[in-house]
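Novice: One structure is given below, represented as structure tokens, and several questions about it will come after.
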Amino acid sequence: MQSHYLPLVRSQTPLVHCMTNLVVTNFSANGLLALGASPFMSVTPEEIAEIQNFAQALLINIGTINETDAKAMLIAGKAANKAGVPVVLDPVGVGATAFRQKIIKQLLAEINFAVIRGNAAEIAFLAGINWQGKGVDAVTGGDAADLSRLAKTVAQKYRCITALSGEIDFISDGKNVRQIQNGTQLFRKVTGSGCLLGAVIGAFLGVAQPADYFAASIEACAVYAVAGELAARDLSRETGTFAINFINRLGTIDALQLADKARISEI
């Protein structure tokens with residue numbers, strides 16, 4: 001594919017306000033820095049509305065959610081909507097507990113999200129479809145038609161872009177679906193790999209116009225997957241080495257590598 005947004009991320013350094021979980025804060029911040037974006041990590045209620053006045057994107061990730069953070073996320077999301085800042089939702093483990101389901105229901109009711117990113121189990125829950133999953137773990141299984149349908153259903157339901165990530169990524173705007181057949185199984189062995197993808201999507205949205213969010217999301221997912229594929233070369237089980245290599249690859253991946261390696265097709 002031809003890269004359009006990656007050079008803009010590196011030249012414009014979009015600030016991504018990450019309201020993310022405690023497990024992945026460091027990994028997400030370093031990943032954004034490597035990519036060329038600027039992370040701002042805060043869940044402090046006293047400042048989160050103000051941050052939207054200078055942020056280029058907001059990520060809301062419920063991985064280690066509590067009542068205080070949930071209230072702060074509502075404030076930030078509404079302020080971002082008012083300021084025209086794109087908001088990305090990562091509904092981590094939404095099907096695992098009633099508390100998470102309550103929080104997500106409120107967030108979706110009160111905030112307009114540009115993109116929802118999740119694994120198959122999380123996206124299936126939002127679609128109202130039964131799908132076997134274990135908490136926050138990514139789930140394998142389901143053919144391309146099933147996964148494509150899940151992505152499209154959630155995009156239509158919430159009037160947003162859906163990025164369903166897994167062995168194959170599916171991105172939909174509710175009408176169209178693209179699949180990306182890149183990546184590596186080692187992503188599943190590094191905690192926070194999906195969470196960082198949500199932040200990266202935010203960075204790409206931060207340099208795009210709203211009409212182009214679908215294209216920007218596709219490129220963000222492709223950059224991420226190809227960087228992972230390149231990082232995993234010559235590795236088999238070295239998950240710690242992979243995590244470091246992956247951050248390095250986010251910093252070095254270029255338009256030529258993306259054009260050569262990305263395997264994107266329309267469904």
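By convention in this document, the chains of the structure tokens carry letters A, B, ... by their order, each chain's residues are numbered from 1, and ligands are numbered from 1 in the order they are shown.
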I want to know what sits within 12 Å of Thr20 (chain A), based on only C-alpha atoms, with residues of the same chain fewer than 2 positions away left out; could you give that as a count of residues only?
Specialist: 42
Novice: What parts of region 38-193 of chain A does DSSP call strand (DSSP E)? I'd like the answer as a PyMOL selection string.
Specialist: chain A and resi 38-41+57-61+87-90+115-118+161-164+169-172+177-180
Novice: Which residues come within 12 Å of Val207 (chain A), counting only C-alpha atoms, excluding same-chain residues fewer than 5 positions away, as a PyMOL selection string?
Specialist: chain A and resi 4-16+36-37+55-57+85-86+200-202+212-213+215-217+220
Novice: So what do you get for CA of Glu122 (chain A) versus CA of Ala203 (chain A), distance-wise?
Specialist: 22.1 Å
Novice: Check the smallest atom-to-atom distance from each of A:Gly93, A:Gly84, A:Gly166, A:Gly128 to Ile111 (chain A) using only C-alpha atoms, then report the winner.
Specialist: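 The closest residue to Ile111 (chain A) is A:Gly84.
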